[in-house]
$ cat start.txt   # compact mmCIF, C-alpha atoms
# COMPACT_ATOMS: atom_id res chain seq x y z
CA MET A 1 245.14 -63.34 194.56
CA GLU A 2 248.71 -62.94 195.83
CA THR A 3 248.23 -66.17 197.82
CA VAL A 4 247.29 -68.15 194.68
CA LEU A 5 249.71 -70.01 192.42
CA ALA A 6 248.59 -70.87 188.88
CA ILE A 7 249.92 -73.98 187.15
CA LEU A 8 249.36 -74.31 183.41
CA LEU A 9 249.59 -77.81 181.98
CA ALA A 10 251.28 -77.23 178.60
CA GLY A 11 252.98 -80.52 177.87
CA GLY A 12 250.41 -82.11 175.58
CA ALA A 13 251.58 -83.74 172.37
CA GLY A 14 248.42 -82.73 170.51
CA GLU A 15 248.47 -85.84 168.31
CA ARG A 16 244.99 -85.13 166.91
CA LEU A 17 246.31 -81.81 165.57
CA SER A 18 249.02 -83.51 163.56
CA PRO A 19 250.75 -82.45 161.33
CA LEU A 20 250.48 -78.95 162.87
CA THR A 21 252.09 -80.32 166.06
CA ARG A 22 255.00 -82.04 164.31
CA ASP A 23 257.48 -79.43 165.53
CA THR A 24 255.64 -77.71 168.36
CA ALA A 25 253.43 -78.41 171.35
CA LYS A 26 249.67 -77.98 171.06
CA PRO A 27 249.55 -74.82 173.26
CA ALA A 28 251.98 -73.11 170.84
CA VAL A 29 249.87 -73.72 167.72
CA CYS A 30 248.77 -70.48 166.04
CA PHE A 31 245.17 -69.35 166.45
CA GLY A 32 243.28 -66.36 165.10
CA GLY A 33 246.19 -65.10 163.05
CA ALA A 34 248.05 -63.22 165.79
CA TYR A 35 247.86 -65.58 168.76
CA ARG A 36 249.03 -68.91 170.15
CA ILE A 37 246.52 -71.15 171.93
CA ILE A 38 248.23 -70.66 175.31
CA ASP A 39 247.72 -66.88 175.09
CA PHE A 40 244.06 -67.20 176.06
CA THR A 41 244.70 -68.97 179.37
CA LEU A 42 247.60 -66.65 180.16
CA SER A 43 245.47 -63.61 179.37
CA ASN A 44 242.80 -64.93 181.74
CA CYS A 45 245.46 -65.19 184.45
CA ILE A 46 246.74 -61.65 183.97
CA ASN A 47 243.23 -60.18 183.71
CA SER A 48 242.32 -62.05 186.92
CA ASP A 49 245.30 -60.47 188.75
CA LEU A 50 247.21 -63.74 188.97
CA ARG A 51 250.89 -62.90 189.05
CA ARG A 52 252.58 -66.18 189.98
CA ILE A 53 252.41 -68.67 187.14
CA PHE A 54 254.19 -71.95 186.40
CA ILE A 55 253.96 -73.39 182.89
CA LEU A 56 254.76 -77.11 182.81
CA THR A 57 256.14 -78.12 179.43
CA GLN A 58 257.21 -81.43 177.94
CA TYR A 59 256.51 -82.18 174.28
CA LYS A 60 258.59 -80.24 171.69
CA SER A 61 258.52 -77.13 173.84
CA LEU A 62 261.21 -74.91 172.28
CA ASP A 63 258.77 -72.84 170.22
CA LEU A 64 256.47 -72.47 173.23
CA ILE A 65 259.32 -71.47 175.57
CA ARG A 66 260.54 -68.82 173.13
CA HIS A 67 257.01 -67.46 172.76
CA ILE A 68 256.70 -67.10 176.54
CA ARG A 69 260.18 -65.60 176.85
CA ASP A 70 259.69 -63.01 174.12
CA GLY A 71 256.04 -62.15 174.66
CA TRP A 72 255.19 -62.66 178.32
CA ASN A 73 258.11 -61.09 180.20
CA ILE A 74 255.73 -58.48 181.59
CA LEU A 75 255.78 -59.10 185.35
CA SER A 76 258.00 -57.72 188.10
CA ALA A 77 260.40 -60.08 189.82
CA GLU A 78 260.94 -57.41 192.48
CA LEU A 79 257.30 -57.78 193.48
CA GLY A 80 257.49 -61.57 193.55
CA GLU A 81 255.68 -61.92 190.23
CA PHE A 82 256.70 -64.41 187.55
CA ILE A 83 255.73 -66.52 184.57
CA GLU A 84 258.14 -69.44 184.51
CA THR A 85 258.34 -72.36 182.12
CA ILE A 86 259.40 -75.58 183.85
CA PRO A 87 260.48 -78.58 181.75
CA PRO A 88 260.51 -82.12 183.20
CA MET A 89 263.40 -82.41 185.65
CA LYS A 90 262.86 -85.94 186.98
CA ARG A 91 263.09 -84.73 190.55
CA LEU A 92 261.01 -87.52 192.07
CA ARG A 93 261.38 -90.38 189.58
CA ASP A 94 263.21 -91.30 186.40
CA ASP A 95 260.12 -91.04 184.20
CA TRP A 96 258.86 -88.16 182.11
CA TYR A 97 255.41 -86.87 183.08
CA LEU A 98 253.02 -89.83 183.17
CA GLY A 99 249.81 -87.78 183.28
CA THR A 100 248.40 -84.42 184.28
CA ALA A 101 248.54 -85.20 187.99
CA ASP A 102 252.04 -86.64 187.75
CA ALA A 103 253.24 -83.47 186.01
CA VAL A 104 252.16 -81.41 189.01
CA PHE A 105 253.41 -84.02 191.49
CA GLN A 106 256.89 -83.97 190.01
CA ASN A 107 256.94 -80.22 190.68
CA SER A 108 255.77 -80.50 194.29
CA GLN A 109 259.02 -78.99 195.54
CA SER A 110 258.59 -75.90 193.35
CA ILE A 111 255.04 -75.48 194.64
CA ALA A 112 256.08 -75.87 198.27
CA ILE A 113 258.81 -73.24 197.87
CA GLU A 114 256.21 -70.66 196.82
CA ARG A 115 253.97 -71.55 199.80
CA PRO A 116 250.65 -70.65 198.14
CA ALA A 117 247.45 -71.02 200.15
CA LEU A 118 245.63 -72.08 196.98
CA THR A 119 246.80 -73.65 193.73
CA LEU A 120 244.90 -73.15 190.49
CA VAL A 121 245.46 -75.94 187.93
CA LEU A 122 244.67 -75.02 184.31
CA ALA A 123 244.88 -76.55 180.87
CA ALA A 124 246.92 -74.38 178.50
CA ASP A 125 245.14 -75.49 175.33
CA HIS A 126 241.56 -74.19 175.59
CA ILE A 127 239.97 -71.05 174.14
CA TYR A 128 237.71 -69.14 176.55
CA LYS A 129 237.47 -66.08 178.81
CA MET A 130 237.12 -66.56 182.54
CA ASN A 131 237.76 -64.50 185.67
CA TYR A 132 239.60 -66.92 187.95
CA ARG A 133 239.19 -64.49 190.87
CA GLU A 134 235.46 -65.26 190.92
CA MET A 135 236.17 -68.99 191.09
CA VAL A 136 238.68 -68.48 193.91
CA ASP A 137 236.15 -66.37 195.83
CA TRP A 138 233.54 -69.13 195.33
CA HIS A 139 236.03 -71.71 196.65
CA ARG A 140 236.59 -69.67 199.82
CA LEU A 141 232.92 -68.83 200.30
CA HIS A 142 231.97 -72.53 200.25
CA HIS A 143 234.90 -73.62 202.44
CA ALA A 144 235.97 -76.08 199.77
CA ASP A 145 239.05 -78.26 199.69
CA ILE A 146 238.73 -78.54 195.90
CA THR A 147 236.63 -76.56 193.45
CA ILE A 148 235.98 -77.73 189.90
CA ALA A 149 234.84 -75.34 187.20
CA THR A 150 231.91 -76.79 185.26
CA ILE A 151 230.15 -75.72 182.09
CA GLN A 152 226.57 -76.46 181.11
CA MET A 153 226.39 -78.89 178.18
CA PRO A 154 223.57 -80.70 176.34
CA PRO A 155 223.08 -84.24 177.72
CA GLN A 156 223.78 -85.78 174.30
CA GLU A 157 227.37 -84.47 174.53
CA ALA A 158 228.01 -85.97 177.96
CA ASP A 159 230.19 -88.79 176.62
CA ARG A 160 232.85 -86.24 175.62
CA PHE A 161 233.42 -84.85 179.12
CA GLY A 162 233.72 -85.59 182.80
CA ILE A 163 230.19 -85.21 184.20
CA THR A 164 229.51 -84.09 187.78
CA ASP A 165 226.58 -84.92 190.05
CA ILE A 166 226.06 -81.91 192.35
CA ASP A 167 223.93 -81.69 195.50
CA ARG A 168 221.99 -78.67 196.81
CA ASP A 169 225.06 -77.42 198.68
CA HIS A 170 227.04 -77.39 195.40
CA ARG A 171 229.09 -80.31 196.62
CA ILE A 172 230.07 -82.84 193.95
CA VAL A 173 228.90 -86.26 195.10
CA SER A 174 230.05 -88.23 192.04
CA PHE A 175 232.23 -87.65 189.02
CA GLU A 176 232.14 -89.81 185.90
CA GLU A 177 234.63 -89.40 183.09
CA LYS A 178 232.95 -89.66 179.65
CA PRO A 179 229.87 -91.67 180.72
CA ARG A 180 228.57 -94.13 178.15
CA HIS A 181 225.08 -94.69 179.60
CA GLY A 182 222.15 -92.64 178.39
CA HIS A 183 221.15 -90.86 181.63
CA PRO A 184 223.98 -88.66 182.99
CA ALA A 185 223.28 -86.57 186.09
CA ARG A 186 221.49 -83.30 185.34
CA SER A 187 222.91 -79.97 186.50
CA ILE A 188 221.77 -78.29 189.68
CA PHE A 189 222.25 -74.98 187.86
CA ASN A 190 219.90 -75.97 185.00
CA PRO A 191 217.98 -79.28 184.98
CA GLU A 192 217.84 -79.28 181.16
CA VAL A 193 221.62 -79.76 180.86
CA VAL A 194 224.57 -81.52 182.48
CA SER A 195 227.50 -79.89 184.27
CA ALA A 196 230.74 -80.94 182.60
CA SER A 197 234.20 -80.44 184.05
CA MET A 198 236.33 -77.84 182.26
CA GLY A 199 239.61 -79.24 183.60
CA ILE A 200 240.02 -76.16 185.81
CA TYR A 201 240.66 -76.83 189.50
CA VAL A 202 241.25 -74.79 192.65
CA PHE A 203 242.95 -76.76 195.44
CA ASP A 204 243.90 -75.93 198.96
CA THR A 205 247.60 -76.46 198.43
CA GLU A 206 248.05 -78.84 201.37
CA VAL A 207 245.20 -80.99 200.03
CA LEU A 208 246.70 -80.97 196.53
CA LEU A 209 250.14 -82.11 197.66
CA ARG A 210 248.63 -84.83 199.86
CA LEU A 211 246.44 -86.18 197.06
CA LEU A 212 249.28 -86.16 194.55
CA LYS A 213 251.53 -88.06 196.97
CA GLU A 214 248.84 -90.70 197.51
CA ASP A 215 248.20 -91.01 193.78
CA SER A 216 251.91 -91.47 193.07
CA LEU A 217 251.99 -94.52 195.35
CA TYR A 218 249.07 -96.25 193.62
CA PRO A 219 250.52 -98.47 190.86
CA ALA A 220 247.24 -98.89 188.96
CA SER A 221 246.70 -95.13 188.60
CA SER A 222 247.03 -93.36 185.25
CA HIS A 223 248.06 -90.28 187.27
CA ASP A 224 245.38 -88.09 185.71
CA PHE A 225 243.33 -85.49 187.58
CA ALA A 226 239.99 -86.35 185.98
CA LYS A 227 240.39 -90.13 185.95
CA ASP A 228 242.15 -90.69 189.26
CA VAL A 229 242.76 -87.78 191.64
CA ILE A 230 239.32 -86.14 191.63
CA PRO A 231 237.25 -89.36 191.97
CA ALA A 232 239.50 -90.49 194.82
CA ALA A 233 239.02 -87.19 196.66
CA LEU A 234 235.21 -87.09 196.63
CA HIS A 235 234.62 -89.14 199.80
CA ASN A 236 237.30 -87.60 202.00
CA TYR A 237 237.32 -83.95 200.93
CA ARG A 238 234.81 -81.21 200.26
CA VAL A 239 234.73 -80.90 196.47
CA VAL A 240 232.38 -78.24 195.11
CA ALA A 241 231.31 -77.12 191.63
CA TYR A 242 231.67 -73.62 190.23
CA ASP A 243 229.34 -72.81 187.33
CA PHE A 244 231.35 -71.14 184.56
CA ARG A 245 230.56 -67.45 184.00
CA ASP A 246 231.64 -66.38 180.56
CA ILE A 247 233.49 -63.05 180.43
CA ASN A 248 233.07 -63.22 176.64
CA ASP A 249 229.63 -61.64 177.23
CA LYS A 250 227.71 -63.47 174.50
CA GLN A 251 224.44 -65.38 174.65
CA ALA A 252 226.17 -68.78 174.43
CA ARG A 253 228.95 -69.73 176.82
CA TYR A 254 232.15 -70.02 174.82
CA TRP A 255 234.71 -72.69 175.75
CA ARG A 256 236.52 -74.63 173.07
CA ASP A 257 239.00 -77.47 173.16
CA VAL A 258 240.57 -77.01 169.73
CA GLY A 259 242.16 -80.43 169.94
CA THR A 260 241.38 -81.63 166.42
CA ILE A 261 241.98 -80.17 162.97
CA ASP A 262 238.24 -79.74 162.41
CA ALA A 263 237.74 -78.03 165.81
CA LEU A 264 240.68 -75.69 165.19
CA TYR A 265 239.37 -74.86 161.72
CA GLU A 266 235.80 -74.17 162.86
CA ALA A 267 236.93 -71.97 165.76
CA ASN A 268 239.07 -69.89 163.40
CA MET A 269 236.27 -69.59 160.86
CA ASP A 270 233.97 -68.28 163.59
CA LEU A 271 236.38 -65.37 164.15
CA VAL A 272 235.82 -63.97 160.64
CA ALA A 273 232.02 -63.93 161.00
CA VAL A 274 230.32 -60.52 161.16
CA THR A 275 229.28 -61.25 164.76
CA PRO A 276 231.63 -64.01 165.95
CA GLU A 277 230.85 -66.06 169.04
CA PHE A 278 234.26 -65.20 170.50
CA ASN A 279 235.11 -61.51 170.85
CA LEU A 280 238.78 -60.65 170.24
CA TYR A 281 238.07 -56.92 170.35
CA ASP A 282 236.87 -56.54 173.95
CA GLN A 283 239.10 -53.93 175.61
CA LYS A 284 237.67 -54.79 179.03
CA TRP A 285 239.13 -58.31 178.83
CA PRO A 286 242.00 -58.08 176.35
CA VAL A 287 243.77 -61.07 174.87
CA ARG A 288 247.48 -60.34 174.64
CA THR A 289 250.31 -62.10 172.85
CA ARG A 290 253.87 -61.64 171.66
CA VAL A 291 253.97 -58.60 169.41
CA VAL A 292 255.86 -59.32 166.21
CA GLN A 293 257.77 -56.40 164.68
CA ALA A 294 256.29 -56.31 161.19
CA PRO A 295 255.16 -53.64 158.72
CA PRO A 296 251.46 -52.93 158.14
CA ALA A 297 249.38 -55.16 155.91
CA LYS A 298 249.28 -54.02 152.29
CA PHE A 299 246.86 -54.54 149.38
CA VAL A 300 248.29 -53.72 145.95
CA PHE A 301 247.51 -53.63 142.20
CA ALA A 302 244.45 -51.44 141.78
CA GLN A 303 245.32 -50.32 138.26
CA GLU A 304 242.69 -50.45 135.55
CA GLY A 305 242.76 -53.81 133.79
CA ARG A 306 244.69 -55.48 136.61
CA ARG A 307 243.05 -57.60 139.29
CA MET A 308 243.00 -55.76 142.60
CA GLY A 309 244.39 -57.24 145.81
CA VAL A 310 241.44 -57.62 148.17
CA ALA A 311 240.40 -59.45 151.35
CA VAL A 312 236.78 -59.61 152.53
CA ASP A 313 235.30 -61.13 155.69
CA SER A 314 238.84 -62.00 156.75
CA ILE A 315 241.47 -61.44 159.41
CA VAL A 316 244.68 -60.01 157.95
CA CYS A 317 247.64 -59.60 160.31
CA ALA A 318 250.67 -57.33 160.17
CA GLY A 319 253.25 -57.94 157.45
CA CYS A 320 250.76 -59.47 154.99
CA ILE A 321 250.79 -58.50 151.31
CA ILE A 322 247.78 -59.23 149.11
CA SER A 323 249.29 -58.63 145.70
CA GLY A 324 246.58 -58.87 143.07
CA GLY A 325 244.90 -61.85 144.73
CA ARG A 326 241.49 -62.31 146.33
CA VAL A 327 240.98 -63.57 149.89
CA VAL A 328 237.52 -64.52 151.20
CA ARG A 329 236.55 -65.62 154.74
CA SER A 330 240.09 -66.55 155.71
CA VAL A 331 242.61 -65.97 158.49
CA LEU A 332 246.01 -64.67 157.37
CA SER A 333 248.72 -64.77 160.02
CA THR A 334 251.73 -62.49 160.19
CA GLY A 335 253.95 -62.26 157.10
CA VAL A 336 251.66 -64.02 154.61
CA ARG A 337 251.93 -63.16 150.91
CA VAL A 338 249.18 -63.89 148.41
CA ASN A 339 250.41 -63.29 144.87
CA SER A 340 248.63 -62.20 141.68
CA TYR A 341 245.54 -63.98 140.34
CA CYS A 342 245.24 -66.18 143.44
CA GLU A 343 241.98 -67.16 145.09
CA VAL A 344 242.04 -68.08 148.79
CA GLU A 345 238.70 -69.04 150.34
CA TYR A 346 237.68 -70.34 153.78
CA SER A 347 241.29 -71.03 154.71
CA ILE A 348 243.84 -70.48 157.48
CA LEU A 349 247.32 -69.39 156.44
CA MET A 350 249.90 -69.71 159.23
CA PRO A 351 252.82 -67.24 159.58
CA ASN A 352 255.10 -66.56 156.61
CA VAL A 353 253.12 -68.60 154.09
CA THR A 354 253.48 -67.63 150.42
CA ILE A 355 250.82 -68.49 147.84
CA GLY A 356 252.25 -68.66 144.31
CA ARG A 357 250.62 -66.85 141.38
CA LYS A 358 247.40 -68.25 139.91
CA SER A 359 246.86 -70.70 142.77
CA ARG A 360 243.44 -71.60 144.14
CA ILE A 361 243.11 -72.58 147.80
CA ARG A 362 239.85 -73.61 149.46
CA ARG A 363 239.03 -74.96 152.97
CA ALA A 364 242.69 -75.48 153.81
CA ILE A 365 245.15 -74.90 156.63
CA ILE A 366 248.62 -74.03 155.32
CA ASP A 367 251.34 -74.62 157.91
CA THR A 368 253.97 -72.09 158.95
CA GLY A 369 256.48 -71.08 156.29
CA VAL A 370 255.02 -73.19 153.48
CA GLN A 371 255.67 -71.90 149.95
CA ILE A 372 252.82 -72.92 147.64
CA PRO A 373 254.06 -73.24 144.02
CA GLU A 374 252.45 -71.30 141.18
CA SER A 375 249.18 -72.60 139.72
CA SER A 376 248.54 -74.94 142.66
CA LEU A 377 245.05 -76.31 143.27
CA ILE A 378 244.31 -77.24 146.89
CA GLY A 379 240.96 -78.19 148.37
CA TYR A 380 239.24 -79.11 145.12
CA GLY A 381 239.84 -82.88 145.21
CA ALA A 382 240.61 -85.03 148.26
CA GLU A 383 242.45 -87.76 146.35
CA GLU A 384 244.65 -85.25 144.52
CA ASP A 385 245.44 -83.52 147.81
CA ARG A 386 246.38 -86.77 149.50
CA ALA A 387 248.57 -87.67 146.51
CA HIS A 388 250.58 -84.51 147.20
CA GLY A 389 251.21 -85.63 150.79
CA TYR A 390 248.59 -83.39 152.37
CA THR A 391 246.35 -84.42 155.26
CA VAL A 392 242.60 -84.39 154.53
CA THR A 393 240.08 -84.74 157.36
CA ASP A 394 236.77 -86.57 157.06
CA SER A 395 235.01 -83.22 156.70
CA GLY A 396 237.30 -82.25 153.82
CA ILE A 397 239.69 -79.81 155.53
CA VAL A 398 243.11 -79.98 153.84
CA VAL A 399 246.26 -79.47 155.91
CA VAL A 400 249.39 -78.61 153.95
CA PRO A 401 252.41 -79.38 156.15
CA SER A 402 255.93 -78.13 155.68
CA LEU A 403 258.14 -79.69 153.01
CA GLU A 404 260.20 -81.37 155.75
CA GLN A 405 257.05 -83.01 157.12
CA ARG A 406 256.01 -84.28 153.69
CA MET A 407 259.48 -85.66 153.02
CA SER A 408 259.46 -87.38 156.41
CA ASN A 409 256.06 -88.95 155.62
CA GLU A 410 257.34 -90.19 152.26
CA VAL A 411 260.41 -91.77 153.88
CA THR A 412 258.22 -93.44 156.51
CA ALA A 413 255.90 -94.77 153.80
CA ASP A 414 258.83 -96.10 151.76
CA MET A 415 260.25 -97.88 154.81
CA ALA A 416 256.85 -99.42 155.57
CA THR A 417 256.53 -100.82 152.07
CA GLY A 418 260.13 -102.06 151.94
$ encode --input "start.txt" --output "structure tokens"
Amino acid sequence: METVLAILLAGGAGERLSPLTRDTAKPAVCFGGAYRIIDFTLSNCINSDLRRIFILTQYKSLDLIRHIRDGWNILSAELGEFIETIPPMKRLRDDWYLGTADAVFQNSQSIAIERPALTLVLAADHIYKMNYREMVDWHRLHHADITIATIQMPPQEADRFGITDIDRDHRIVSFEEKPRHGHPARSIFNPEVVSASMGIYVFDTEVLLRLLKEDSLYPASSHDFAKDVIPAALHNYRVVAYDFRDINDKQARYWRDVGTIDALYEANMDLVAVTPEFNLYDQKWPVRTRVVQAPPAKFVFAQEGRRMGVAVDSIVCAGCIISGGRVVRSVLSTGVRVNSYCEVEYSILMPNVTIGRKSRIRRAIIDTGVQIPESSLIGYGAEEDRAHGYTVTDSGIVVVPSLEQRMSNEVTADMATG
């Protein structure tokens, strides 16, 4: 793996996760209480013995850069190992990154300096466990120019993904991004399903740089791997499919794009199940993150006649204090405080949230640092929640943004109405 360079695409704006992405990039959004979304892809890299990693940032990246600096400075520069964040530098043109392919193209010089035989291109905003070494070995075994990781999906979900048509030699003969017709190509690995692209690619580096150069010269291109680069490569290069093997070791293959509020919420709620689909506790394939220096979690007020602080079916991180409140099926990130007589149910509390006394919270995501006033009622009436400046999804999930975000929304609304 010392001849492989990994490139993580971490510049996404994450607009569908708004308002959680108001001040940070999507890969830096908190997940599972103790983690950021990017931690899962980075953990896959480290567990796969990948030690040369570029992280391409763009959108509101300060929080992400600090997370990488403080939590992922674990490799040895003396051994040629690194995890480096690279912001847009406009080396090849005066534009910011115009698409996923353009982001890599604008860093062609940095890639060439490292002289990798293979380049692994990854999205930094998906939740899954995968041994990239196995995919690299598959790429070499099949003498591929490009290898695309695919996951088996029900045919009715084909219009959400790029769907591959694969021949008996595992070569991809066609690639259709989000097909709208009713008969997408069935998978060679299982004829009951389709093989969808996971946005994970292994390239021979010379092929990658050549394709990116050609794409940059095509004015009609959107400069995206799935929409432009991969379809253009099918006729002139050997592009093969790698069927995703899930290191998560569960019956269902777990791969989630938590790109919407509802998807983020459901993935977090799965973690507090008795037998969750995604295993955070597997010591054979650990998920690591930046360790925050915080005291242990504490549950107080067990005196007779006083409501006891308790959390059941929940994740409670370091530094949390449950002070006479009750927490049910919720995820509490670092530094959360739930005060007396509170009820928090089916909710996600981001770091350093405080819930005021006698408040009731249900099916909500409370953003980082939010202070909920005493006797608040959230998640019990969509119209009332919207009147307070909260975001409510179609499924009824309430997102409580920071005070600064709510004030900004109010100013924008006032300007719009004159």
$ axis_aligned_box --input "start.txt" --around "stretch 237-256 of chain A" --padding-each-side "8 Å" --output "AutoDock Vina command-line options"
--center_x 230.9 --center_y -72.8 --center_z 187.0 --size_x 28.9 --size_y 38.3 --size_z 43.9
$ closest_residue --input "start.txt" --among "A:Tyr97, A:Tyr265, A:Tyr281, A:Phe244" --to "A:Leu20" --atoms "only C-alpha atoms"
A:Tyr265
$ residues_around --input "start.txt" --residues "A:Cys342" --least-positions-apart "2" --cutoff "12 Å" --atoms "only C-alpha atoms" --output "JSON, numbers by chain"
{"A": [307, 308, 309, 310, 311, 322, 323, 324, 325, 326, 327, 328, 337, 338, 339, 340, 344, 345, 354, 355, 356, 357, 358, 359, 360, 361, 362, 372, 373, 374, 375, 376, 377, 378]}
$ write_last_selection --input "start.txt" --atoms "C-alpha atoms" --output "short mmCIF file (atom, residue, chain, number, x, y, z; two decimals), in the frame of the given file"
data_model
loop_
_atom_site.label_atom_id
_atom_site.label_comp_id
_atom_site.auth_asym_id
_atom_site.auth_seq_id
_atom_site.Cartn_x
_atom_site.Cartn_y
_atom_site.Cartn_z
CA ARG A 307 243.05 -57.60 139.29
CA MET A 308 243.00 -55.76 142.60
CA GLY A 309 244.39 -57.24 145.81
CA VAL A 310 241.44 -57.62 148.17
CA ALA A 311 240.40 -59.45 151.35
CA ILE A 322 247.78 -59.23 149.11
CA SER A 323 249.29 -58.63 145.70
CA GLY A 324 246.58 -58.87 143.07
CA GLY A 325 244.90 -61.85 144.73
CA ARG A 326 241.49 -62.31 146.33
CA VAL A 327 240.98 -63.57 149.89
CA VAL A 328 237.52 -64.52 151.20
CA ARG A 337 251.93 -63.16 150.91
CA VAL A 338 249.18 -63.89 148.41
CA ASN A 339 250.41 -63.29 144.87
CA SER A 340 248.63 -62.20 141.68
CA VAL A 344 242.04 -68.08 148.79
CA GLU A 345 238.70 -69.04 150.34
CA THR A 354 253.48 -67.63 150.42
CA ILE A 355 250.82 -68.49 147.84
CA GLY A 356 252.25 -68.66 144.31
CA ARG A 357 250.62 -66.85 141.38
CA LYS A 358 247.40 -68.25 139.91
CA SER A 359 246.86 -70.70 142.77
CA ARG A 360 243.44 -71.60 144.14
CA ILE A 361 243.11 -72.58 147.80
CA ARG A 362 239.85 -73.61 149.46
CA ILE A 372 252.82 -72.92 147.64
CA PRO A 373 254.06 -73.24 144.02
CA GLU A 374 252.45 -71.30 141.18
CA SER A 375 249.18 -72.60 139.72
CA SER A 376 248.54 -74.94 142.66
CA LEU A 377 245.05 -76.31 143.27
CA ILE A 378 244.31 -77.24 146.89
#
$ closest_residue --input "start.txt" --among "A:Thr100, A:Ser174, A:Asn190, A:Asn73" --to "A:Asp215" --atoms "all atoms listed in the file"
A:Thr100
$ atom_distance --input "start.txt" --atom1 "atom CA of A:Thr21" --atom2 "atom CA of A:Tyr128"
21.0 Å
$ closest_residue --input "start.txt" --among "A:Ala241, A:Ile127, A:Leu8, A:Ala294" --to "A:Phe278" --atoms "all atoms listed in the file"
A:Ile127
$ closest_residue --input "start.txt" --among "A:Thr393, A:Thr260, A:Thr205, A:Ser43" --to "A:Trp72" --atoms "all atoms listed in the file"
A:Ser43
$ residues_around --input "start.txt" --residues "stretch 193-196 of chain A" --least-positions-apart "4" --cutoff "7 Å" --atoms "all atoms listed in the file" --output "number ranges by chain"
A: 150-155, 161-164, 185-187
$ write_last_selection --input "start.txt" --atoms "C-alpha atoms" --output "CSV table (one decimal), in the coordinates of the input"
chain,number,residue,atom,x,y,z
A,150,THR,CA,231.9,-76.8,185.3
A,151,ILE,CA,230.2,-75.7,182.1
A,152,GLN,CA,226.6,-76.5,181.1
A,153,MET,CA,226.4,-78.9,178.2
A,154,PRO,CA,223.6,-80.7,176.3
A,155,PRO,CA,223.1,-84.2,177.7
A,161,PHE,CA,233.4,-84.8,179.1
A,162,GLY,CA,233.7,-85.6,182.8
A,163,ILE,CA,230.2,-85.2,184.2
A,164,THR,CA,229.5,-84.1,187.8
A,185,ALA,CA,223.3,-86.6,186.1
A,186,ARG,CA,221.5,-83.3,185.3
A,187,SER,CA,222.9,-80.0,186.5
$ atom_distance --input "start.txt" --atom1 "atom CA of A:Val274" --atom2 "atom CA of A:Gly319"
23.4 Å
$ residues_near_point --input "start.txt" --point "(243.6, -84.8, 184.7)" --cutoff "8 Å" --atoms "all atoms listed in the file" --output "ChimeraX atom specification"
/A:99-101,199,223-229
$ closest_residue --input "start.txt" --among "A:Tyr346, A:Gly381, A:Ser48, A:Ile86" --to "A:Lys284" --atoms "only C-alpha atoms"
A:Ser48
$ build_atoms --input "start.txt" --residues "stretch 219-227 of chain A" --atoms "N, CA, C and O atoms" --output "mmCIF file, keeping the file's coordinate frame"
data_model
loop_
_atom_site.group_PDB
_atom_site.id
_atom_site.type_symbol
_atom_site.label_atom_id
_atom_site.label_comp_id
_atom_site.auth_asym_id
_atom_site.auth_seq_id
_atom_site.Cartn_x
_atom_site.Cartn_y
_atom_site.Cartn_z
ATOM 1 N N PRO A 219 249.947 -97.991 192.129
ATOM 2 C CA PRO A 219 250.520 -98.470 190.860
ATOM 3 C C PRO A 219 249.518 -98.562 189.715
ATOM 4 O O PRO A 219 249.904 -98.485 188.555
ATOM 5 N N ALA A 220 248.226 -98.745 190.026
ATOM 6 C CA ALA A 220 247.240 -98.890 188.960
ATOM 7 C C ALA A 220 246.743 -97.546 188.421
ATOM 8 O O ALA A 220 245.970 -97.507 187.459
ATOM 9 N N SER A 221 247.184 -96.442 189.017
ATOM 10 C CA SER A 221 246.700 -95.130 188.600
ATOM 11 C C SER A 221 247.304 -94.720 187.261
ATOM 12 O O SER A 221 248.449 -95.038 186.947
ATOM 13 N N SER A 222 246.509 -93.975 186.477
ATOM 14 C CA SER A 222 247.030 -93.360 185.250
ATOM 15 C C SER A 222 247.565 -91.968 185.533
ATOM 16 O O SER A 222 248.003 -91.273 184.617
ATOM 17 N N HIS A 223 247.490 -91.555 186.799
ATOM 18 C CA HIS A 223 248.060 -90.280 187.270
ATOM 19 C C HIS A 223 247.461 -89.094 186.528
ATOM 20 O O HIS A 223 248.162 -88.176 186.098
ATOM 21 N N ASP A 224 246.120 -89.135 186.397
ATOM 22 C CA ASP A 224 245.380 -88.090 185.710
ATOM 23 C C ASP A 224 244.401 -87.462 186.708
ATOM 24 O O ASP A 224 243.802 -88.166 187.525
ATOM 25 N N PHE A 225 244.239 -86.148 186.657
ATOM 26 C CA PHE A 225 243.330 -85.490 187.580
ATOM 27 C C PHE A 225 241.904 -85.993 187.429
ATOM 28 O O PHE A 225 241.252 -86.372 188.407
ATOM 29 N N ALA A 226 241.393 -86.002 186.209
ATOM 30 C CA ALA A 226 239.990 -86.350 185.980
ATOM 31 C C ALA A 226 239.706 -87.825 186.232
ATOM 32 O O ALA A 226 238.652 -88.182 186.767
ATOM 33 N N LYS A 227 240.630 -88.696 185.848
ATOM 34 C CA LYS A 227 240.390 -90.130 185.950
ATOM 35 C C LYS A 227 240.707 -90.694 187.333
ATOM 36 O O LYS A 227 240.097 -91.689 187.752
#
